[in-house]
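coords-v6.txt (compact mmCIF, C-alpha atoms)
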# COMPACT_ATOMS: atom_id res chain seq x y z
CA MET A 1 0.00 0.00 0.00
CA GLU A 2 1.45 3.38 -1.04
CA LEU A 3 1.88 6.14 1.55
CA GLY A 4 -0.86 8.24 -0.07
CA GLU A 5 -3.31 5.35 0.24
CA ARG A 6 -2.54 5.00 3.98
CA ILE A 7 -3.21 8.65 4.84
CA PRO A 8 -7.04 8.44 5.11
CA GLN A 9 -6.59 5.44 7.41
CA ALA A 10 -4.07 7.33 9.57
CA ILE A 11 -6.31 10.36 9.90
CA SER A 12 -9.50 8.46 10.66
CA LYS A 13 -7.93 6.22 13.33
CA PRO A 14 -5.19 8.09 15.26
CA SER A 15 -2.62 5.69 16.73
CA ALA A 16 1.11 5.19 17.01
CA THR A 17 1.03 3.80 13.46
CA SER A 18 -0.80 6.87 12.17
CA VAL A 19 1.79 9.09 13.84
CA SER A 20 4.57 7.35 11.92
CA ILE A 21 2.57 7.64 8.68
CA ILE A 22 2.11 11.37 9.27
CA PHE A 23 5.85 11.79 10.00
CA GLU A 24 6.70 9.84 6.85
CA LEU A 25 4.30 11.94 4.78
CA LEU A 26 5.71 15.21 6.10
CA GLU A 27 9.27 14.09 5.40
CA GLN A 28 8.36 13.11 1.84
CA LEU A 29 6.28 16.18 1.01
CA MET A 30 8.10 19.04 2.71
CA THR A 31 11.55 20.49 2.39
CA TYR A 32 12.72 23.19 4.79
CA ASP A 33 13.16 26.62 3.20
CA THR A 34 13.27 29.38 5.88
CA ALA A 35 12.19 29.74 9.51
CA SER A 36 8.69 30.81 8.55
CA ASP A 37 8.23 29.28 5.09
CA TYR A 38 8.37 25.69 3.90
CA THR A 39 8.45 24.57 0.30
CA MET A 40 6.34 21.52 -0.37
CA GLY A 41 7.50 19.06 -3.00
CA GLU A 42 10.71 19.91 -4.87
CA PRO A 43 13.11 22.39 -3.26
CA ASP A 44 12.24 24.84 -6.03
CA GLY A 45 8.55 23.87 -5.91
CA ASP A 46 5.77 26.30 -6.68
CA TYR A 47 3.78 25.95 -3.45
CA THR A 48 5.01 27.59 -0.26
CA ALA A 49 3.33 26.79 3.05
CA SER A 50 3.82 28.98 6.10
CA VAL A 51 4.56 27.53 9.51
CA VAL A 52 0.92 28.38 10.33
CA GLU A 53 -0.28 26.17 7.47
CA VAL A 54 2.01 23.35 8.60
CA ILE A 55 0.57 23.54 12.15
CA GLU A 56 -2.98 23.53 10.79
CA THR A 57 -2.23 20.52 8.60
CA VAL A 58 -0.86 18.58 11.58
CA ILE A 59 -3.84 19.55 13.76
CA SER A 60 -6.34 18.54 11.09
CA SER A 61 -4.67 15.13 10.87
CA LEU A 62 -4.85 14.58 14.65
CA GLU A 63 -8.09 16.15 15.84
CA THR A 64 -10.65 13.51 16.71
CA ASP A 65 -13.96 15.36 16.46
CA GLN A 66 -13.61 18.36 14.14
CA SER A 67 -12.99 20.38 17.30
CA ALA A 68 -10.12 22.60 16.17
CA MET A 69 -10.35 26.32 16.90
CA VAL A 70 -7.83 29.09 16.28
CA SER A 71 -7.43 32.56 17.73
CA LYS A 72 -5.10 35.25 16.39
CA SER A 73 -4.02 38.21 18.51
CA ASP A 74 -1.00 40.44 19.09
CA ASP A 75 0.46 37.50 21.05
CA GLY A 76 0.39 35.26 17.96
CA PHE A 77 -1.81 32.28 17.19
CA VAL A 78 -3.42 29.82 19.61
CA TRP A 79 -5.06 26.62 18.41
CA LYS A 80 -7.13 24.25 20.52
CA PHE A 81 -8.26 20.78 19.50
CA CYS A 82 -9.32 17.47 21.03
CA TYR A 83 -7.21 14.35 20.78
CA GLY A 84 -8.66 11.31 22.49
CA SER A 85 -9.70 12.37 25.99
CA VAL A 86 -7.59 15.56 26.18
CA GLU A 87 -7.57 19.11 24.83
CA ILE A 88 -4.36 20.17 23.11
CA PHE A 89 -3.24 23.80 22.87
CA VAL A 90 -0.70 25.08 20.36
CA HIS A 91 0.72 28.61 20.68
CA LEU A 92 2.84 30.21 17.98
CA THR A 93 4.15 33.62 19.08
CA GLY A 94 4.88 34.72 15.49
CA THR A 95 6.84 33.73 12.40
CA ALA A 96 10.23 35.37 13.05
CA GLU A 97 13.20 33.15 13.88
CA ASP A 98 13.13 34.17 17.55
CA ASP A 99 9.43 33.30 17.98
CA THR A 100 8.38 30.07 19.68
CA LEU A 101 6.06 27.13 19.23
CA THR A 102 4.60 25.82 22.49
CA VAL A 103 2.29 22.81 22.75
CA TRP A 104 0.59 21.77 26.00
CA SER A 105 -2.24 19.72 27.44
CA SER A 106 -3.59 19.44 30.97
CA VAL A 107 -3.58 15.95 32.46
CA LEU A 108 -4.38 16.51 36.16
CA LYS A 109 -5.79 19.26 38.37
CA LEU A 110 -4.03 20.20 41.59
CA PRO A 111 -4.15 19.69 44.51
CA ALA A 112 -3.76 15.96 44.05
CA LYS A 113 -3.53 12.97 46.37
CA ASN A 114 -0.04 12.06 47.51
CA GLU A 115 1.67 14.92 45.68
CA ALA A 116 5.20 13.89 46.74
CA THR A 117 4.76 10.51 45.04
CA LEU A 118 3.13 12.19 42.03
CA MET A 119 6.04 14.62 41.62
CA ARG A 120 8.59 11.81 41.84
CA LYS A 121 6.68 9.80 39.22
CA LEU A 122 6.50 12.82 36.87
CA LEU A 123 10.22 13.56 37.26
CA GLU A 124 11.07 9.93 36.52
CA MET A 125 8.80 10.00 33.46
CA ASN A 126 10.45 13.25 32.32
CA TRP A 127 13.79 11.45 32.35
CA SER A 128 12.77 8.34 30.44
CA GLU A 129 9.40 8.60 28.71
CA THR A 130 8.59 12.06 27.37
CA PHE A 131 11.06 12.63 24.51
CA GLU A 132 11.13 16.41 23.81
CA ALA A 133 8.07 17.01 25.99
CA ARG A 134 7.93 17.25 29.77
CA PHE A 135 5.47 17.25 32.64
CA CYS A 136 5.25 20.58 34.47
CA ILE A 137 2.96 22.68 36.64
CA LEU A 138 0.94 25.46 35.00
CA GLY A 139 -1.22 27.27 37.55
CA ASP A 140 -3.23 24.58 39.32
CA GLN A 141 -2.67 21.87 36.71
CA ILE A 142 -0.12 19.27 35.70
CA VAL A 143 0.46 19.66 31.97
CA VAL A 144 2.51 17.94 29.31
CA SER A 145 4.34 20.56 27.26
CA ALA A 146 6.96 21.08 24.57
CA THR A 147 8.50 24.40 23.56
CA ARG A 148 10.81 25.17 20.65
CA ASP A 149 11.95 28.34 18.94
CA ILE A 150 11.08 28.28 15.26
CA GLU A 151 14.56 29.04 13.96
CA ASP A 152 15.52 26.04 11.79
CA LEU A 153 12.24 24.31 12.72
CA SER A 154 11.23 21.72 10.13
CA PRO A 155 7.69 20.56 9.37
CA ALA A 156 8.57 17.15 10.82
CA GLU A 157 9.58 18.82 14.11
CA VAL A 158 6.28 20.73 14.21
CA SER A 159 4.43 17.45 13.74
CA ARG A 160 6.60 15.63 16.25
CA ASN A 161 6.13 18.23 19.01
CA ILE A 162 2.36 18.35 18.59
CA THR A 163 2.04 14.58 18.26
CA ILE A 164 4.27 13.77 21.25
CA VAL A 165 2.34 16.10 23.57
CA ALA A 166 -1.03 14.81 22.32
CA THR A 167 -0.05 11.16 22.62
CA ILE A 168 1.56 11.40 26.07
CA ALA A 169 -1.31 13.50 27.45
CA ASP A 170 -3.95 11.13 26.09
CA GLU A 171 -2.10 8.06 27.40
CA GLN A 172 -1.38 9.51 30.86
CA ASP A 173 -4.41 11.63 31.83
CA ASP A 174 -6.68 8.76 32.88
CA ILE A 175 -3.83 6.91 34.63
CA LEU A 176 -2.75 9.97 36.63
CA GLN A 177 -6.33 10.94 37.49
CA ALA A 178 -7.10 7.44 38.72
CA GLU A 179 -4.01 7.26 40.91
CA PHE A 180 -3.64 10.87 42.05
CA GLY A 181 -7.03 12.55 41.37
CA ALA A 182 -8.42 15.37 43.53
CA ALA A 183 -7.20 15.38 47.10
Let me see the structure of the file written as structure tokens.
Amino acid sequence: MELGERIPQAISKPSATSVSIIFELLEQLMTYDTASDYTMGEPDGDYTASVVEVIETVISSLETDQSAMVSKSDDGFVWKFCYGSVEIFVHLTGTAEDDTLTVWSSVLKLPAKNEATLMRKLLEMNWSETFEARFCILGDQIVVSATRDIEDLSPAEVSRNITIVATIADEQDDILQAEFGAA
């Protein structure tokens, strides 16, 4: 089965396999051009996609219920979409090389039961299980997040950051809530 024939399957049933299909597709279709522009197809191709379009493509391939929303302000762009049982947020501060891409998802509200054990578990997971993402505290919530400046950011890295946060959050939210839910 050709990659193009596997894409509808990957989009309709998000899984670890679909993540690898999406990565493979992005690597085949996109070649890095500048920090804010990506050329799709041949390096001298005729279609240029902005980093915003790349983010929207990744989100549309992952969202599970046509839930994606976007807001544009002086602070950049913020997208929100559902993936499995979690909401994923993507913030792009702008398209200059010193701007950042931040992806996060809440997995547990604080205060939680046995917070010392929870914190140890999260730190251990940060060391061995979260790739470029990490567990952290944002206000009164435990979130999974990944942040990267967009200088030299490739479309595959955009996809990887969003996908890693979405996958880890969806896998861990129910487990953490069951073990450490509201105190």
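Here the question is which of A:Leu138, A:Val107, A:Ala156, A:Val90 gets nearest to A:Ala169 using all atoms listed in the file, and that residue is A:Val107.
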**OP:** Show me as a ChimeraX atom specification the residues that reach within 7 Å of (6.4, 16.5, 20.5), counting only C-alpha atoms and using the file's own coordinates.
**Re:** /A:132-133,146,160-165
Residues just named, written with C-alpha atoms as a compact mmCIF listing (two decimals), in the coordinates of the input:
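Output contents, as saved in part-v2.txt:
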# COMPACT_ATOMS: atom_id res chain seq x y z
CA GLU A 132 11.13 16.41 23.81
CA ALA A 133 8.07 17.01 25.99
CA ALA A 146 6.96 21.08 24.57
CA ARG A 160 6.60 15.63 16.25
CA ASN A 161 6.13 18.23 19.01
CA ILE A 162 2.36 18.35 18.59
CA THR A 163 2.04 14.58 18.26
CA ILE A 164 4.27 13.77 21.25
CA VAL A 165 2.34 16.10 23.57
Do you know which residues are at most 6 Å from A:Ser105 counting all atoms listed in the file, after dropping those on the same chain fewer than 3 positions away, and could you put them as a PDB file with C-alpha atoms, keeping the file's coordinate frame?
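The file below, out35.pdb, is the result:
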ATOM      1  CA  GLU A  87      -7.570  19.110  24.830  1.00  0.00           C
ATOM      2  CA  ILE A  88      -4.360  20.170  23.110  1.00  0.00           C
ATOM      3  CA  VAL A 143       0.460  19.660  31.970  1.00  0.00           C
ATOM      4  CA  VAL A 144       2.510  17.940  29.310  1.00  0.00           C
TER       5      VAL A 144
END
Subject >> Contacts of stretch 68-82 of chain A at 10 Å (only C-alpha atoms; same-chain gap of 5+ positions) as a PyMOL selection string >> reply: chain A and resi 52+55-56+59-60+62-63+87-95+99-105+166+170
**OP:** Report the distance between atom CA of A:Asp140 and atom CA of A:Ala182 in Å, rounded to one decimal place.
**Re:** 11.4 Å
Subject >> Nearest residue to A:Ala178 from the set A:Val54, A:Cys136, A:Leu108, A:Ile142 (distances using only C-alpha atoms) >> reply: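 Of A:Val54, A:Cys136, A:Leu108, A:Ile142, the one nearest A:Ala178, counting only C-alpha atoms, is A:Leu108.
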